[in-house]
Amino acid sequence: MRIGELAERAGTTTRTLRYYESRGLLPARRDTNGHRTYDERDLKLLRQIRTLQDFGFGLEETRPFVECLRAGHPEGDSCPASLAVYRRKLDELDALIAELGAVRETVARQLARAERAREKLAAEAGVSGGPEPVCELGGQQG
């Protein structure tokens with residue numbers, strides 16, 4: 001198949017395919033007229049790349065999966081190098097989740113502190129819900 005058909009079947013653009021080719025992820029075969037040609041194996045490679053990218057993998061992180069498929073394995077994640085990428089990605093995700101958890105905890109503490117301060121001001125002012133907030137930029141909020 002030609003590049004346009006492959007792009008259409010894979011749900012991407014010819015520009016993307018040429019980029020993958022320049023990065024060595026998609027083979028650069030040409031017919032006698034110089035046109036790029038592709039087959040079903042190339043579509044499988046492309047689908048593997050796109051799926052991994054949809055999951056947040058960087059383009060270079062897809063390389064071991066592509067190489068695994070090119071080596072003739074039925075799945076791109078059946079090779080040791082692919083499994084290593086999965087492990088690294090899980091470690092990265094665990095670190096991000098921990099970081100987000102810490103940020104969430106900080107925001108929750110700030111909110112609790114702000115609510116306590118507002119309640120204290122309300123009690124001191126004798127106004128239910130606290131005094132009317134004043135915008136730090138000088139205007140009243142309402």
# chains A, B, ... in the order shown; residues from 1 in each chain; ligands from 1
call {"tool": "residues_around", "arguments": {"residues": "Arg29 in chain A", "least_positions_apart": "2", "cutoff": "12 Å", "atoms": "only C-alpha atoms", "output": "number ranges by chain"}}
result
A: 1-3, 18, 21, 24, 26-27, 31-39, 42
call {"tool": "select_by_dssp", "arguments": {"residues": "range 44-115 of chain A", "states": "alpha helix (DSSP H)", "output": "PyMOL selection string"}}
result
chain A and resi 44-54+63-70+80-115
call {"tool": "residues_around", "arguments": {"residues": "Val85 in chain A", "least_positions_apart": "3", "cutoff": "8 Å", "atoms": "only C-alpha atoms", "output": "ChimeraX atom specification"}}
result
/A:61,64,81-82,88-89
call {"tool": "write_last_selection", "arguments": {"atoms": "N, CA, C and O atoms", "output": "PDB file, in the first residue's frame"}}
result
ATOM      1  N   GLU A  61      10.508   5.584  23.456  1.00  0.00           N
ATOM      2  CA  GLU A  61      10.136   4.454  24.306  1.00  0.00           C
ATOM      3  C   GLU A  61       9.423   3.361  23.526  1.00  0.00           C
ATOM      4  O   GLU A  61       9.345   2.223  23.980  1.00  0.00           O
ATOM      5  N   PRO A  64      11.739  -0.333  21.415  1.00  0.00           N
ATOM      6  CA  PRO A  64      11.893  -1.768  21.692  1.00  0.00           C
ATOM      7  C   PRO A  64      10.678  -2.598  21.258  1.00  0.00           C
ATOM      8  O   PRO A  64      10.831  -3.749  20.828  1.00  0.00           O
ATOM      9  N   ALA A  81      13.432  -6.289  26.280  1.00  0.00           N
ATOM     10  CA  ALA A  81      13.614  -4.828  26.224  1.00  0.00           C
ATOM     11  C   ALA A  81      12.273  -4.103  26.363  1.00  0.00           C
ATOM     12  O   ALA A  81      12.201  -3.041  26.992  1.00  0.00           O
ATOM     13  N   SER A  82      11.223  -4.665  25.810  1.00  0.00           N
ATOM     14  CA  SER A  82       9.894  -4.060  25.929  1.00  0.00           C
ATOM     15  C   SER A  82       9.406  -4.130  27.374  1.00  0.00           C
ATOM     16  O   SER A  82       8.842  -3.167  27.897  1.00  0.00           O
ATOM     17  N   ARG A  88      10.047   0.644  33.582  1.00  0.00           N
ATOM     18  CA  ARG A  88      10.473   2.047  33.763  1.00  0.00           C
ATOM     19  C   ARG A  88       9.269   2.989  33.754  1.00  0.00           C
ATOM     20  O   ARG A  88       9.189   3.927  34.547  1.00  0.00           O
ATOM     21  N   LYS A  89       8.331   2.734  32.858  1.00  0.00           N
ATOM     22  CA  LYS A  89       7.144   3.582  32.773  1.00  0.00           C
ATOM     23  C   LYS A  89       6.317   3.465  34.052  1.00  0.00           C
ATOM     24  O   LYS A  89       5.826   4.474  34.568  1.00  0.00           O
TER      25      LYS A  89
END
call {"tool": "closest_residue", "arguments": {"among": "A:Arg41, A:Thr106, A:Leu52, A:Tyr86", "to": "His73 in chain A", "atoms": "only C-alpha atoms"}}
result
A:Arg41
call {"tool": "closest_residue", "arguments": {"among": "A:Arg109, A:Arg30, A:Arg70, A:Arg47", "to": "Leu6 in chain A", "atoms": "only C-alpha atoms"}}
result
A:Arg47
call {"tool": "decode", "arguments": {"residues": "range 97-110 of chain A", "atoms": "all heavy atoms", "output": "short mmCIF file (atom, residue, chain, number, x, y, z; two decimals), in the first residue's frame"}}
result
data_model
loop_
_atom_site.label_atom_id
_atom_site.label_comp_id
_atom_site.auth_asym_id
_atom_site.auth_seq_id
_atom_site.Cartn_x
_atom_site.Cartn_y
_atom_site.Cartn_z
N ILE A 97 2.46 9.80 40.63
CA ILE A 97 1.30 9.64 41.50
C ILE A 97 1.66 10.08 42.92
O ILE A 97 0.88 10.78 43.58
CB ILE A 97 0.79 8.18 41.47
CG1 ILE A 97 0.13 7.90 40.11
CG2 ILE A 97 -0.19 7.91 42.62
CD1 ILE A 97 -0.14 6.42 39.84
N ALA A 98 2.84 9.70 43.38
CA ALA A 98 3.28 10.12 44.72
C ALA A 98 3.42 11.64 44.79
O ALA A 98 3.00 12.27 45.77
CB ALA A 98 4.61 9.44 45.07
N GLU A 99 3.98 12.23 43.75
CA GLU A 99 4.14 13.68 43.71
C GLU A 99 2.77 14.38 43.72
O GLU A 99 2.56 15.35 44.46
CB GLU A 99 4.94 14.08 42.48
CG GLU A 99 5.26 15.54 42.40
CD GLU A 99 6.10 15.89 41.17
OE1 GLU A 99 6.88 15.04 40.71
OE2 GLU A 99 5.96 17.01 40.68
N LEU A 100 1.84 13.88 42.92
CA LEU A 100 0.50 14.46 42.89
C LEU A 100 -0.19 14.28 44.24
O LEU A 100 -0.91 15.19 44.70
CB LEU A 100 -0.34 13.82 41.79
CG LEU A 100 -0.04 14.28 40.38
CD1 LEU A 100 -0.83 13.42 39.38
CD2 LEU A 100 -0.39 15.74 40.21
N GLY A 101 0.02 13.15 44.90
CA GLY A 101 -0.56 12.93 46.21
C GLY A 101 -0.04 13.95 47.22
O GLY A 101 -0.80 14.48 48.04
N ALA A 102 1.26 14.24 47.15
CA ALA A 102 1.86 15.23 48.06
C ALA A 102 1.31 16.63 47.77
O ALA A 102 1.00 17.39 48.70
CB ALA A 102 3.38 15.22 47.92
N VAL A 103 1.16 16.97 46.52
CA VAL A 103 0.60 18.28 46.15
C VAL A 103 -0.85 18.37 46.62
O VAL A 103 -1.27 19.38 47.19
CB VAL A 103 0.70 18.52 44.62
CG1 VAL A 103 -0.11 19.73 44.20
CG2 VAL A 103 2.15 18.67 44.20
N ARG A 104 -1.60 17.31 46.42
CA ARG A 104 -3.00 17.29 46.86
C ARG A 104 -3.07 17.50 48.37
O ARG A 104 -3.92 18.26 48.86
CB ARG A 104 -3.67 15.98 46.48
CG ARG A 104 -5.14 15.98 46.79
CD ARG A 104 -5.76 14.59 46.78
NE ARG A 104 -7.19 14.67 46.95
CZ ARG A 104 -7.82 15.00 48.07
NH1 ARG A 104 -7.12 15.35 49.15
NH2 ARG A 104 -9.12 15.04 48.14
N GLU A 105 -2.22 16.84 49.11
CA GLU A 105 -2.21 16.97 50.56
C GLU A 105 -1.89 18.41 50.98
O GLU A 105 -2.51 18.95 51.89
CB GLU A 105 -1.18 15.99 51.15
CG GLU A 105 -1.34 15.73 52.61
CD GLU A 105 -2.72 15.20 53.01
OE1 GLU A 105 -3.29 14.38 52.29
OE2 GLU A 105 -3.20 15.66 54.06
N THR A 106 -0.97 19.04 50.29
CA THR A 106 -0.62 20.43 50.57
C THR A 106 -1.80 21.36 50.31
O THR A 106 -2.11 22.24 51.12
CB THR A 106 0.61 20.87 49.73
OG1 THR A 106 1.71 20.02 50.08
CG2 THR A 106 0.98 22.32 49.97
N VAL A 107 -2.47 21.16 49.19
CA VAL A 107 -3.62 21.99 48.86
C VAL A 107 -4.74 21.76 49.88
O VAL A 107 -5.40 22.72 50.32
CB VAL A 107 -4.11 21.72 47.41
CG1 VAL A 107 -5.45 22.39 47.13
CG2 VAL A 107 -3.06 22.17 46.41
N ALA A 108 -4.96 20.53 50.29
CA ALA A 108 -6.00 20.23 51.28
C ALA A 108 -5.68 20.93 52.61
O ALA A 108 -6.59 21.48 53.26
CB ALA A 108 -6.13 18.72 51.47
N ARG A 109 -4.42 20.92 53.01
CA ARG A 109 -4.03 21.61 54.25
C ARG A 109 -4.25 23.12 54.12
O ARG A 109 -4.72 23.77 55.05
CB ARG A 109 -2.55 21.32 54.60
CG ARG A 109 -2.35 19.97 55.25
CD ARG A 109 -0.96 19.83 55.87
NE ARG A 109 0.13 20.16 54.98
CZ ARG A 109 0.73 19.30 54.16
NH1 ARG A 109 0.36 18.04 54.13
NH2 ARG A 109 1.71 19.69 53.38
N GLN A 110 -3.90 23.69 52.97
CA GLN A 110 -4.10 25.12 52.74
C GLN A 110 -5.59 25.48 52.80
O GLN A 110 -5.97 26.49 53.38
CB GLN A 110 -3.52 25.54 51.40
CG GLN A 110 -2.00 25.59 51.36
CD GLN A 110 -1.46 26.65 52.29
OE1 GLN A 110 -1.00 26.35 53.39
NE2 GLN A 110 -1.51 27.90 51.86
#
